[in-house]
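Undergrad: Encoded as structure tokens, here's the structure I'll be asking about.
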Amino acid sequence: MAAETLPLVKGTLDVLVLKGLSWGPMHGFEITSWLEAHSSGRLDVDDSALYQALHRMEERGLVDAEWGITENNRRARYYRITAAGRTHLRAESARWVRYAETVTSILTARQRAAPA
Amino acid sequence: MDEEVAFHLESRVEQLVRLGRTPEEARAEALERFGPIGPATQRLRASAAQRERRRAGRERVRAIQRELRYSVRSLARSPMFTLAAVLTLALGIGANAAVAGLVRAVLLRTPPYAVPSRLATVYQRLPALGGSGDRLGASLPEFVDYRDRNRVFSSMAGFSTVDLDLTGDGPPERLAAARVTPNLFATLGVRPFVGRDFAAADGQEGAGSVAILSYPLWQRRFGADPAIVGRTVRLDEQSFTVVGVMPKGFEFPWPGMPLSDKAELWTPLVFTRAALAARAESYDVRMVARLAPGVTIDRARGDVSRIVNEFRAEYPAIYTGNVQTQATVDGLVADARADARPLLLALASAVAVVLLIACANAAHLLLARAVSRRPEMALRRALGAGAGHVIGQALIEALLLAAAGGAVGIGLAIAMVAVIRRVGPDNIAGLAQAHVDGLVLAFTAVLALVTALVCGVVPALRSAGSDAGETLKSGRRDVGGGHARHRLRSALVVFEAASAMMLVVSAGLLVRSLIRVLDVPPGFDPSGVVVARTTFDYHRYASDDKRRTAEQSILERLRALPGAQAVGFTTHLPMADERQIGFTVDGRDPNEYHWAANALVGDDYFRVMRIALLRGRTFGPADLPDAPWSAVINESMARQYWPNGDAVGRVIKWGGRPLTIVGVVGDVRVGGLDAPVQPTIYGSAFQLQSGATQFAVFIVRTASDPQAMLDAIQRTIWSVDGGLPVFGGTTLGDVVSRSVATRRFLVWLLTGFAAAALALAVVGLYGVLSYSVAQRTPDLGVRVALGARPGDVSRLVVRDGLRLAGGGIAIGALAAAGAGAAIARLLFDTGPFDPVTYVVGAAVLAGASLLACWIPARRAARLDPLTALRAE
């Protein structure tokens with residue numbers, strides 16, 4: 001992925017992670033697996049970038065973390081979306097969808113729209 | 001590596017291995033997929049670690065909150081236990097907080113001066129005169145010597161207290177005041193809040209008369225007049241210009257210093273030529289000084305001794321006979337506390353004992369509770385709670401109980417201090433200002449914490465030490481270790497009984513002392529006598545004749561009052577006023593000064609006071625200034641100086657005046673019921689003129705209402721001169737009881753604390769006995785089933801109880817002997833080993849213990865053997 005697209009991807013990654021956590025608390029590897037499963041492996045993200053996103057959002061209070069026990073009785077850091085995180089997720093999803101719709105509609109236009 | 005990252009990589013490796021990679025390949029791919037760890041990642045990771053630590057802290061707090069909630073719920077489930085424990089601790093902690101409030105107000109109060117620890121008082125002593133020559137001031141020339149010759153003080157001031165009549169702008173009023181050297185306030189390091197300080201010129205002979213007011217006087221009498229500076233006030237019929245007002249809260253003389261009537265007004269001590277010539281003729285200039293930097297009290301003592309030796313060598317003709325003046329220095333602060341210290345130490349020790357008993361009781365309650373909760377604790381331990389966890393839980397409960405006890409105790413302390421402030425004796429400086437302040441609260445908090453540890457730690461260890469499996473299996477509440485626990489409980493009860501015994505005996509010794517004091521005949525009959533005071537100012541009554549005429553006409557009109565059975569007059573009232581004069585005996589060494597209490601009295605004084613005339617006569621109408629001067633002395637003085645019984649007709653000299661002894665009267669306890677009888681010389685108020693004659697106490701014996709009579713006396717005095725201040729109206733009975741107020745106060749408080757201790761000990765004993773009856777129910781049931789009668793069973797219980805109490809009484813008696821010796825100074829005519837008190841104390845303890853045994857014994861006697869055995 002090109003360096004200049006990174007901010008967008010970063011922002012997108014945040015929203016994707018929040019989306020994943022909106023189903024319930026997960027630890028880092030679960031989030032990675034979830035992302036890989038839902039993107040069918042099309043998203044090419046370093047695992048460390050995911051942790052960066054998690055820690056950044058934790059700093060901003062969008063997610064909350066606490067140690068918990070996995071199914072295999074291992075200690076893992078579980079992340080949970082906060083109320084602020086949900087608000088952020090709603091706002092960012094709406095913005096992303098509007099943005100994508102706008103870009104899509106321009107790219108797929110058949111003819112020039114009449115000037116208003 | 002970070003645990004989170006490690007976990008992630010492991011999970012990834014496992015995933016890849018499951019997908020068919022070799023572990024080596026999987027590890028390499030996992031690392032590659034993880035990607036680079038740049039500085040940004042590291043920064044974020046560090047901040048995550050920090051958050052992690054904070055979260056752990058919050059988690060600990062939440063854990064404690066959980067434990068607290070658990071403890072609160074569990075305490076709420078046994079309200080009787082909780083109430084008993086909280087009240088017990090509240091009593092112990094509250095009593096301590098209250099006494100701490102008193103100690104803070106009286107002993108830890110600092111004077112409102114700059115660096116008070118560097119201030120000192122200088123005394124002269126005349127050891128040849130015994131106790132009465134102990135803490136004297138100086139004559140003016142001596143003061144000047146100390147001031148000018150010392151090498152240890154950076155500043156030295158003198159003062160003498162005086163009462164002044166304030167007239168004009170309202171009813172005439174008697175004020176406590178002090179004449180002070182102009183540098184006094186500067187020495188203390190306090191400046192007036194309005195106006196100016198005294199200047200050196202104010203102390204010069206012939207300077208205009210000026211005064212500085214206290215803040216309360218300015219508020220009360222002058223309505224906080226902002227233009228007070230420059231106003232003229234009339235003091236003792238002379239005009240003084242107000243130059244300043246001292247700040248709020250300023251007090252001088254500092255309470256506890258001798259003659260420490262709190263002054264309401266200060267005027268300069270003027271160094272008149274006459275006073276500067278009168279070396280060693282009086283001792284009324286008190287001295288206060290600021291130590292120079294680096295000077296210790298000891299060094300100051302050495303220096304004033306040097307000075308006194310110097311001037312004694314310079315004036316050998318003056319410092320002769322028993323005028324062997326010495327001088328010493330004391331810290332002002334330490335000095336002020338000397339009087340109240342033994343009393344407060346006694347109280348503080350008593351409440352400490354009460355708290356220990358309360359702790360023992362609470363510990364016992366917690367122990368019993370720990371036993372009843374053993375199945376629960378065992379279950380918690382079986383479910384994985386560590387020993388530390390269980391101990392923590394028990395300690396948290398003790399802490400909660402102590403905190404609640406402390407909170408209730410604070411309420412108790414506030415109430416107690418309020419009562420003490422109201423009823424406490426007014427001669428303990430600072431007592432009237434006692435209150436529960438921040439320092440006392442802090443002390444109480446610490447006390448509650450210590451209390452929790454003391455009473456919680458043993459039960460906590462016990463509850464953790466139980467073997468989970470055994471307890472759960474047996475289903476019984478008390479298995480194994482029962483004996484050790486019972487011994488511990490018994491030891492607690494013995495300790496409680498011993499402490500209670502010690503307090504009861506100590507209080508008993510003081511009660512007995514008070515009874516002995518109250519039994520002391522005062523030497524006069526105070527019942528049905530009222531007194532009221534006035535002063536005949538030198539300026540208003542410039543001539544002796546004028547004063548005498550006024551006194552006589554007031555007395556005459558008082559005699560005419562309906563209900564006045566007898567009327568008398570004196571300058572100084574026993575147990576309220578103190579006045580001492582030095583005298584020599586005619587025909588003996590003229591340099592041999594002696595000391596005697598003194599009052600100048602009217603003709604009917606001895607009759608109205610019912611003081612017995614033993615020999616000779618009292619004063620009569622013929623004892624006037626132009627007749628030979630006569631004196632009446634008391635029996636002790638007659639016996640001491642003329643043991644052959646021939647005092648009447650002898651001559652003593654007072655201030656150069658020869659007085660012929662015309663009569664001997666019975667002894668009067670001038671200094672108070674518990675003070676030794678002093679030699680006493682009475683003079684005739686109508687014959688002698690002295691510094692004392694301006695004071696006047698009118699005495700009326702009446703069967704009617706005291707207040708009505710006091711009003712009538714005031715009207716009568718004002719009918720002769722409306723400008724005379726009338727004050728100090730009271731009954732003589734009040735005067736007598738005030739002289740024992742401090743002693744009575746101590747007795748009340750100590751008796752109260754002893755009663756509290758006794759009650760707590762009885763409750764403790766009751767608790768242990770009922771508990772042991774409950775424990776022994778099966779055993780007792782077997783006995784009943786085998787034919788033991790109810791009486792036998794209760795005797796068993798009572799025997800147990802009395803054995804514990806008896807041990808406590810014996811140990812307590814030994815402890816009481818130590819305590820008695822420690823308070824020997826507070827006792828009167830009662831030995832610290834007074835057998836009656838010990839026997840009564842033991843009987844009280846034994847009786848109370850029987851009471852404590854009674855209910856458990858009855859319960860034991862009523863046991864139904866079937867139920868009892870089924871309980872097994």
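Going through the structure tokens in order, the chains are called A, B, and so on, while each chain numbers its residues from 1 and the ligands are numbered from 1 in the order shown.
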Could you name the residues that touch His88 (chain A) at 12 Å or less, counting only C-alpha atoms, but leaving out those on the same chain fewer than 5 positions away, as a list in words?
TA: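 The residues that qualify are Gly11, Asp14, Val15, Leu16, Val17, Leu18, Lys19, Ser22, Met57, Arg60, Gly61, Leu62, Val63, Ile81, Thr82, Ala83, Ser93, Ala94, Arg95 and Trp96 of chain A.
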Undergrad: Restrict the calculation to only C-alpha atoms, then for each residue of chain B with any atom at most 10 Å from an atom of chain A give the closest atom pair and their distance in Å to one decimal, rows by chain and rising residue number, as CSV.
TA:
```
residue,atom,partner,partner_atom,distance
B:Glu3,CA,A:Ala76,CA,8.1
B:Glu4,CA,A:Ala76,CA,6.5
B:Val5,CA,A:Ser48,CA,8.6
B:Ala6,CA,A:Ala76,CA,9.9
B:Phe7,CA,A:Ala76,CA,6.9
B:His8,CA,A:Phe29,CA,5.5
B:Leu9,CA,A:Phe29,CA,8.5
B:Glu10,CA,A:Phe29,CA,9.6
B:Ser11,CA,A:Phe29,CA,6.9
B:Arg12,CA,A:Phe29,CA,7.5
B:Gln15,CA,A:Ser33,CA,9.7
B:Ala30,CA,A:Asp47,CA,9.0
B:Leu31,CA,A:Asp47,CA,9.1
B:Glu32,CA,A:Asp46,CA,8.3
B:Arg33,CA,A:Asp46,CA,5.6
B:Phe34,CA,A:Asp47,CA,4.2
B:Gly35,CA,A:Asp46,CA,5.2
B:Pro36,CA,A:Ser48,CA,7.0
B:Ile37,CA,A:Ser48,CA,6.9
B:Gly38,CA,A:Ser48,CA,9.3
B:Ala40,CA,A:Gln52,CA,8.0
B:Thr41,CA,A:Gln52,CA,5.8
B:Gln42,CA,A:Gln52,CA,9.0
B:Arg43,CA,A:Gln52,CA,9.5
B:Leu44,CA,A:His55,CA,6.0
B:Arg45,CA,A:His55,CA,7.0
B:Ala46,CA,A:His55,CA,9.7
B:Ser47,CA,A:Glu59,CA,7.8
B:Ala48,CA,A:His55,CA,6.2
B:Ala49,CA,A:His55,CA,9.9
B:Arg51,CA,A:Glu59,CA,8.4
B:Glu52,CA,A:Glu66,CA,8.1
B:Arg55,CA,A:Glu66,CA,7.9
B:Ala56,CA,A:Glu66,CA,9.2
B:Glu59,CA,A:Glu66,CA,9.9
```
Undergrad: Could you state the separation of CA of Val454 (chain B) and CA of Gly411 (chain B) in Å, given to one decimal place?
TA: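 Separating CA of Val454 (chain B) from CA of Gly411 (chain B) is a distance of 22.4 Å.
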Undergrad: Do you know which residues are at most 10 Å from Ala757 (chain B) counting only C-alpha atoms, after dropping those on the same chain fewer than 4 positions away, and could you put them as an MDAnalysis selection string?
TA: chainID B and resid 91:92 350:351 353:358 496:497 499:504 751:753 761:763
Undergrad: For region 626-639 of chain B, list every protein, DNA or RNA residue within 6 Å, evaluated using only C-alpha atoms, and leave out those in the same chain fewer than 5 positions away; present the list as a PyMOL selection string.
TA: chain B and resi 647+659-667+679-683
Undergrad: As a PyMOL selection string, which residues of chain A does DSSP assign to alpha helix (DSSP H)?
TA: chain A and resi 6-21+28-38+47-59+83-107
